[in-house]
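Participant: Data file start_21.txt (compact mmCIF, C-alpha atoms) is appended below.
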```txt
# COMPACT_ATOMS: atom_id res chain seq x y z
CA MET A 1 7.14 14.29 61.31
CA GLN A 2 4.33 14.65 58.78
CA THR A 3 4.95 15.07 55.09
CA ASN A 4 6.63 18.31 54.17
CA SER A 5 4.38 20.92 52.53
CA LEU A 6 7.24 22.87 50.94
CA GLY A 7 7.68 22.54 47.20
CA GLY A 8 10.76 20.75 45.83
CA HIS A 9 12.86 23.81 44.90
CA THR A 10 11.75 25.81 47.93
CA GLN A 11 12.62 22.84 50.14
CA VAL A 12 16.15 22.61 48.68
CA ILE A 13 16.70 26.38 49.06
CA TYR A 14 15.41 26.34 52.64
CA PHE A 15 17.66 23.37 53.45
CA GLY A 16 20.61 25.16 51.82
CA VAL A 17 20.06 28.31 53.88
CA ILE A 18 19.85 26.29 57.11
CA LEU A 19 22.94 24.32 56.10
CA VAL A 20 24.94 27.51 55.41
CA ILE A 21 23.95 28.98 58.78
CA PHE A 22 24.86 25.70 60.44
CA ILE A 23 28.23 25.58 58.67
CA VAL A 24 29.05 29.12 59.84
CA ILE A 25 28.21 28.14 63.42
CA MET A 26 30.26 24.94 63.15
CA TYR A 27 33.19 26.86 61.63
CA ARG A 28 33.16 29.12 64.67
CA ARG A 29 32.91 26.08 66.94
CA ALA A 30 35.84 24.42 65.13
CA ASN A 31 37.97 27.54 65.71
CA ILE A 32 37.13 27.43 69.39
CA ILE A 33 38.07 23.74 69.52
CA MET A 34 41.37 24.37 67.74
CA LYS A 35 42.35 27.46 69.74
CA GLY A 36 40.86 26.39 73.03
CA ARG A 37 38.07 27.61 75.25
CA LYS A 38 38.48 29.38 78.57
CA LEU A 39 37.82 26.87 81.30
CA SER A 40 34.86 27.78 83.47
CA ASN A 41 32.04 26.11 85.33
CA LYS A 42 29.61 27.55 82.76
CA SER A 43 31.42 26.13 79.73
CA LEU A 44 31.58 22.66 81.26
CA ILE A 45 27.82 22.69 81.78
CA ARG A 46 26.63 24.84 78.88
CA LEU A 47 28.11 22.92 75.93
CA PRO A 48 26.82 19.46 76.90
CA LEU A 49 23.48 21.07 77.72
CA ILE A 50 23.26 22.75 74.29
CA TYR A 51 24.01 19.47 72.50
CA THR A 52 21.49 17.66 74.71
CA VAL A 53 18.72 20.20 74.05
CA LEU A 54 19.36 20.18 70.29
CA THR A 55 19.24 16.39 70.35
CA ALA A 56 16.06 16.32 72.45
CA PHE A 57 14.39 18.58 69.89
CA PHE A 58 14.46 15.68 67.41
CA LEU A 59 12.84 13.24 69.83
CA TYR A 60 9.42 14.87 69.77
CA ASP A 61 7.88 12.59 67.15
CA VAL A 62 9.96 9.41 66.96
CA GLY A 63 7.85 7.21 69.22
CA ILE A 64 8.28 5.90 72.73
CA LEU A 65 10.66 3.07 71.77
CA PHE A 66 13.16 5.46 70.20
CA ILE A 67 12.80 7.89 73.13
CA VAL A 68 13.60 5.13 75.63
CA LEU A 69 16.52 3.91 73.50
CA SER A 70 17.78 7.48 73.24
CA ILE A 71 17.74 7.96 77.00
CA VAL A 72 19.49 4.63 77.61
CA LEU A 73 22.18 5.30 75.01
CA TYR A 74 22.60 8.91 76.17
CA LEU A 75 23.39 7.69 79.68
CA THR A 76 25.51 4.80 78.39
CA ALA A 77 27.57 7.16 76.20
CA ILE A 78 28.87 9.04 79.21
CA ILE A 79 31.46 6.31 79.81
CA PRO A 80 32.94 6.23 76.27
CA GLY A 81 32.72 10.05 76.24
CA TYR A 82 34.80 10.07 79.38
CA LEU A 83 37.33 7.76 77.71
CA LEU A 84 37.40 9.62 74.37
CA ALA A 85 37.89 12.89 76.22
CA LYS A 86 41.37 11.85 77.23
CA GLU A 87 42.34 13.65 74.02
CA THR A 88 41.14 16.89 75.61
CA LYS A 89 44.06 19.24 76.18
CA ILE A 90 44.16 21.54 79.19
CA PHE A 91 46.65 24.40 79.10
CA LYS A 92 47.38 27.86 80.48
CA LYS A 93 47.24 31.01 78.40
CA GLU A 94 47.64 34.46 79.93
CA LYS A 95 47.36 33.02 83.47
CA GLU A 96 43.95 31.48 82.63
CA GLN A 97 43.16 27.81 82.13
CA TYR A 98 41.90 26.76 78.70
CA TYR A 99 40.90 23.46 77.16
CA LYS A 100 40.64 22.02 73.68
CA SER A 101 37.76 19.60 73.26
CA SER A 102 38.04 16.25 71.57
CA ILE A 103 37.51 16.79 67.86
CA ILE A 104 36.22 13.22 67.42
CA ILE A 105 33.19 13.78 69.65
CA THR A 106 32.30 17.03 67.89
CA VAL A 107 32.67 15.54 64.39
CA ILE A 108 30.45 12.57 65.28
CA TRP A 109 27.67 14.78 66.65
CA VAL A 110 27.84 17.34 63.82
CA ALA A 111 27.74 14.64 61.12
CA LEU A 112 24.70 13.02 62.73
CA PHE A 113 23.01 16.39 63.18
CA ILE A 114 23.44 17.24 59.49
CA VAL A 115 22.07 13.82 58.50
CA ARG A 116 19.07 14.33 60.80
CA ILE A 117 18.31 17.76 59.35
CA GLY A 118 18.55 16.28 55.85
CA ILE A 119 16.08 13.56 56.79
CA GLU A 120 13.71 16.21 58.12
CA PHE A 121 13.71 17.92 54.72
CA PHE A 122 14.07 15.10 52.22
CA SER A 123 12.50 12.06 53.88
CA PRO A 124 10.23 13.33 56.66
CA GLU A 125 7.88 10.37 56.38
CA ASN A 126 10.63 7.84 57.17
CA LEU A 127 10.00 7.43 60.89
CA LEU A 128 12.47 4.56 61.24
CA LEU A 129 15.32 6.65 59.83
CA GLU A 130 14.30 9.61 62.01
CA GLY A 131 14.26 7.38 65.08
CA VAL A 132 17.61 5.74 64.39
CA THR A 133 19.37 9.05 63.81
CA ALA A 134 17.72 10.52 66.94
CA VAL A 135 19.07 7.59 68.98
CA LEU A 136 22.56 8.04 67.51
CA LEU A 137 22.40 11.79 68.22
CA ALA A 138 21.45 11.05 71.82
CA PHE A 139 24.44 8.72 72.13
CA SER A 140 26.79 11.36 70.73
CA ALA A 141 25.31 14.04 73.04
CA GLY A 142 26.06 11.72 75.95
CA LEU A 143 29.69 11.69 74.79
CA PHE A 144 29.82 15.46 75.49
CA VAL A 145 28.58 14.88 79.02
CA GLY A 146 31.36 12.33 79.56
CA GLU A 147 33.92 14.79 78.24
CA GLY A 148 32.72 17.51 80.62
CA LEU A 149 32.90 15.10 83.55
CA LEU A 150 36.46 14.12 82.70
CA ILE A 151 37.60 17.73 82.51
CA ARG A 152 35.84 18.52 85.77
CA ASN A 153 37.41 15.53 87.50
CA ARG A 154 40.85 16.32 86.11
CA LEU A 155 40.77 19.80 87.55
CA LYS A 156 38.61 19.10 90.58
CA ILE A 157 36.35 22.05 89.76
CA ASN A 158 33.59 22.57 92.25
CA LEU A 159 30.40 23.07 90.24
CA GLY A 160 28.26 23.70 93.32
```
Please express the file's structure as structure tokens.
Facilitator:
Amino acid sequence: MQTNSLGGHTQVIYFGVILVIFIVIMYRRANIIMKGRKLSNKSLIRLPLIYTVLTAFFLYDVGILFIVLSIVLYLTAIIPGYLLAKETKIFKKEKEQYYKSSIIITVIWVALFIVRIGIEFFSPENLLLEGVTAVLLAFSAGLFVGEGLLIRNRLKINLG
């Protein structure tokens, strides 16, 4: 990304507002993780897709090398995501199936996302740092795909 045109104080305020909004969203997400989410075909596709799209957003200016590395690590991460997802709990509540996602996968992705947003505001000219965090975000997004696959395979849900 090119150098940021926002002034120092405005930049900090803008970053703070985005961070507060993000924290509210993550607080809601944490509650869902702790209480469980109703198991559905949509939720098994939607959540990994959201994390993937948010991650892809940061790949637009990191260079072809980092894009290729991101794709490779995204696909590679499906296997450890599948293994880490063994922590995922599936249970019944009110005759419906629910699941609690792995907190580890969520914490990894959220921490990397916050770091990447911080880089965007405070060090936008550091293309190496942007690229490395984009690659790590791609890896962690791949972990969500692995988790969704494990849940699907555990319950033999037909997504067709």
Participant: At a cut-off of 10 Å, can you tabulate as a Markdown table every residue of stretch 17-126 of chain A near stretch 135-142 of chain A together with its closest atom pair and the distance in Å to one decimal, using all atoms listed in the file and ordering rows by chain then number?
Facilitator:
```
| residue | atom | partner | partner_atom | distance |
| --- | --- | --- | --- | --- |
| A:Leu47 | CA | A:Ala141 | CA | 9.7 |
| A:Pro48 | CA | A:Ala141 | CA | 6.8 |
| A:Leu49 | CA | A:Ala141 | CA | 8.6 |
| A:Ile50 | CA | A:Ala141 | CA | 9.0 |
| A:Tyr51 | CA | A:Ala141 | CA | 5.6 |
| A:Thr52 | CA | A:Ala141 | CA | 5.5 |
| A:Val53 | CA | A:Ala141 | CA | 9.1 |
| A:Leu54 | CA | A:Ala141 | CA | 9.0 |
| A:Thr55 | CA | A:Ala138 | CA | 6.0 |
| A:Ala56 | CA | A:Ala138 | CA | 7.6 |
| A:Phe58 | CA | A:Leu137 | CA | 8.9 |
| A:Leu59 | CA | A:Val135 | CA | 8.5 |
| A:Val62 | CA | A:Val135 | CA | 9.5 |
| A:Leu65 | CA | A:Val135 | CA | 9.9 |
| A:Phe66 | CA | A:Val135 | CA | 6.4 |
| A:Ile67 | CA | A:Val135 | CA | 7.5 |
| A:Val68 | CA | A:Val135 | CA | 9.0 |
| A:Leu69 | CA | A:Val135 | CA | 6.4 |
| A:Ser70 | CA | A:Val135 | CA | 4.5 |
| A:Ile71 | CA | A:Ala138 | CA | 7.1 |
| A:Val72 | CA | A:Phe139 | CA | 8.4 |
| A:Leu73 | CA | A:Phe139 | CA | 5.0 |
| A:Tyr74 | CA | A:Phe139 | CA | 4.4 |
| A:Leu75 | CA | A:Gly142 | CA | 6.1 |
| A:Thr76 | CA | A:Gly142 | CA | 7.4 |
| A:Ala77 | CA | A:Gly142 | CA | 4.8 |
| A:Ile78 | CA | A:Gly142 | CA | 5.1 |
| A:Ile79 | CA | A:Gly142 | CA | 8.6 |
| A:Pro80 | CA | A:Gly142 | CA | 8.8 |
| A:Gly81 | CA | A:Gly142 | CA | 6.9 |
| A:Tyr82 | CA | A:Gly142 | CA | 9.5 |
| A:Ile105 | CA | A:Ser140 | CA | 6.9 |
| A:Thr106 | CA | A:Ser140 | CA | 8.4 |
| A:Val107 | CA | A:Ser140 | CA | 9.6 |
| A:Ile108 | CA | A:Ser140 | CA | 6.7 |
| A:Trp109 | CA | A:Ser140 | CA | 5.4 |
| A:Val110 | CA | A:Leu137 | CA | 8.9 |
| A:Ala111 | CA | A:Leu137 | CA | 9.3 |
| A:Leu112 | CA | A:Leu137 | CA | 6.1 |
| A:Phe113 | CA | A:Leu137 | CA | 6.9 |
| A:Val115 | CA | A:Leu137 | CA | 9.9 |
| A:Arg116 | CA | A:Leu137 | CA | 8.5 |
```
Participant: Given all atoms listed in the file as the basis, pick out the residue of A:Phe144, A:Tyr98, A:Phe122, A:Tyr14 nearest to A:Ile32.
Facilitator: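 Closest to A:Ile32, using all atoms listed in the file: A:Tyr98.
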Participant: Taking all atoms of stretch 6-22 of chain A that the file lists and extending 8 Å past them on each side, where is the centre of the axis-aligned box and how long are its edges? Answer in Å to one decimal, as lines of an AutoDock Vina configuration file.
Facilitator:
```
center_x = 16.1
center_y = 24.9
center_z = 52.7
size_x = 33.7
size_y = 24.2
size_z = 31.5
```
Participant: Which residue is closest to A:Ser101? Choose from A:Lys42, A:Leu19, A:Arg37, A:Gln11 and count only C-alpha atoms.
Facilitator: A:Arg37
Participant: Could you state the separation of atom CA of A:Gly146 and atom CA of A:Val132 in Å, given to one decimal place?
Facilitator: 21.5 Å
Participant: Which value, in Å to one decimal, gives the distance between atom CA of A:Gly118 and atom CA of A:Val12?
Facilitator: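 Distance reported for this atom pair: 9.9 Å.
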Participant: Counting only C-alpha atoms, which residue out of A:Ile25, A:Ile103, A:Ile151, A:Val145 sits closest to A:Leu39?
Facilitator: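 Nearest candidate to A:Leu39 out of A:Ile25, A:Ile103, A:Ile151, A:Val145: A:Ile151.
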Participant: Please provide as a PDB file with C-alpha atoms, in the coordinates of the input all residues within 10 Å of A:Glu87, with the sequence filter that same-chain residues fewer than 2 positions apart are discarded (counting all atoms listed in the file).
Facilitator:
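Saved result, selection_4.pdb, follows:
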```pdb
ATOM      1  CA  TYR A  82      34.800  10.070  79.380  1.00  0.00           C
ATOM      2  CA  LEU A  83      37.330   7.760  77.710  1.00  0.00           C
ATOM      3  CA  LEU A  84      37.400   9.620  74.370  1.00  0.00           C
ATOM      4  CA  ALA A  85      37.890  12.890  76.220  1.00  0.00           C
ATOM      5  CA  LYS A  89      44.060  19.240  76.180  1.00  0.00           C
ATOM      6  CA  ILE A  90      44.160  21.540  79.190  1.00  0.00           C
ATOM      7  CA  LYS A 100      40.640  22.020  73.680  1.00  0.00           C
ATOM      8  CA  SER A 101      37.760  19.600  73.260  1.00  0.00           C
ATOM      9  CA  SER A 102      38.040  16.250  71.570  1.00  0.00           C
ATOM     10  CA  ILE A 103      37.510  16.790  67.860  1.00  0.00           C
ATOM     11  CA  ILE A 104      36.220  13.220  67.420  1.00  0.00           C
ATOM     12  CA  GLU A 147      33.920  14.790  78.240  1.00  0.00           C
TER      13      GLU A 147
END
```
Participant: So, counting only C-alpha atoms, which residue among A:Ala30, A:Thr10, A:Ser123, A:Lys38 is closest to A:Gln97?
Facilitator: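 For A:Gln97, the nearest of the candidates is A:Lys38.
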Participant: Interatomic distance between atom CA of A:Ser43 and atom CA of A:Gly131?
Facilitator: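 Interatomic distance, atom CA of A:Ser43 to atom CA of A:Gly131: 29.3 Å.
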Participant: Would you fill the gaps in stretch 134-148 of chain A so it has N, CA and C atoms, then print it as a PDB file, keeping the file's coordinate frame?
Facilitator:
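part10.pdb was written with the following content:
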```pdb
ATOM      1  N   ALA A 134      17.951   9.873  65.646  1.00  0.00           N
ATOM      2  CA  ALA A 134      17.720  10.520  66.940  1.00  0.00           C
ATOM      3  C   ALA A 134      18.436   9.752  68.057  1.00  0.00           C
ATOM      4  N   VAL A 135      18.388   8.422  67.986  1.00  0.00           N
ATOM      5  CA  VAL A 135      19.070   7.590  68.980  1.00  0.00           C
ATOM      6  C   VAL A 135      20.587   7.797  68.899  1.00  0.00           C
ATOM      7  N   LEU A 136      21.116   7.824  67.688  1.00  0.00           N
ATOM      8  CA  LEU A 136      22.560   8.040  67.510  1.00  0.00           C
ATOM      9  C   LEU A 136      22.973   9.442  67.980  1.00  0.00           C
ATOM     10  N   LEU A 137      22.129  10.437  67.725  1.00  0.00           N
ATOM     11  CA  LEU A 137      22.400  11.790  68.220  1.00  0.00           C
ATOM     12  C   LEU A 137      22.420  11.807  69.744  1.00  0.00           C
ATOM     13  N   ALA A 138      21.489  11.105  70.359  1.00  0.00           N
ATOM     14  CA  ALA A 138      21.450  11.050  71.820  1.00  0.00           C
ATOM     15  C   ALA A 138      22.735  10.418  72.362  1.00  0.00           C
ATOM     16  N   PHE A 139      23.185   9.358  71.713  1.00  0.00           N
ATOM     17  CA  PHE A 139      24.440   8.720  72.130  1.00  0.00           C
ATOM     18  C   PHE A 139      25.593   9.717  72.038  1.00  0.00           C
ATOM     19  N   SER A 140      25.673  10.424  70.903  1.00  0.00           N
ATOM     20  CA  SER A 140      26.790  11.360  70.730  1.00  0.00           C
ATOM     21  C   SER A 140      26.675  12.551  71.695  1.00  0.00           C
ATOM     22  N   ALA A 141      25.464  12.976  72.040  1.00  0.00           N
ATOM     23  CA  ALA A 141      25.310  14.040  73.040  1.00  0.00           C
ATOM     24  C   ALA A 141      25.800  13.558  74.402  1.00  0.00           C
ATOM     25  N   GLY A 142      25.554  12.292  74.711  1.00  0.00           N
ATOM     26  CA  GLY A 142      26.060  11.720  75.950  1.00  0.00           C
ATOM     27  C   GLY A 142      27.586  11.723  76.007  1.00  0.00           C
ATOM     28  N   LEU A 143      28.225  11.618  74.837  1.00  0.00           N
ATOM     29  CA  LEU A 143      29.690  11.690  74.790  1.00  0.00           C
ATOM     30  C   LEU A 143      30.189  13.036  75.312  1.00  0.00           C
ATOM     31  N   PHE A 144      29.446  14.123  74.996  1.00  0.00           N
ATOM     32  CA  PHE A 144      29.820  15.460  75.490  1.00  0.00           C
ATOM     33  C   PHE A 144      29.718  15.539  77.008  1.00  0.00           C
ATOM     34  N   VAL A 145      28.728  14.891  77.559  1.00  0.00           N
ATOM     35  CA  VAL A 145      28.580  14.880  79.020  1.00  0.00           C
ATOM     36  C   VAL A 145      29.786  14.182  79.642  1.00  0.00           C
ATOM     37  N   GLY A 146      30.180  13.046  79.071  1.00  0.00           N
ATOM     38  CA  GLY A 146      31.360  12.330  79.560  1.00  0.00           C
ATOM     39  C   GLY A 146      32.618  13.165  79.485  1.00  0.00           C
ATOM     40  N   GLU A 147      32.754  13.908  78.397  1.00  0.00           N
ATOM     41  CA  GLU A 147      33.920  14.790  78.240  1.00  0.00           C
ATOM     42  C   GLU A 147      33.936  15.857  79.336  1.00  0.00           C
ATOM     43  N   GLY A 148      32.796  16.489  79.576  1.00  0.00           N
ATOM     44  CA  GLY A 148      32.720  17.510  80.620  1.00  0.00           C
ATOM     45  C   GLY A 148      33.047  16.947  81.993  1.00  0.00           C
TER      46      GLY A 148
END
```
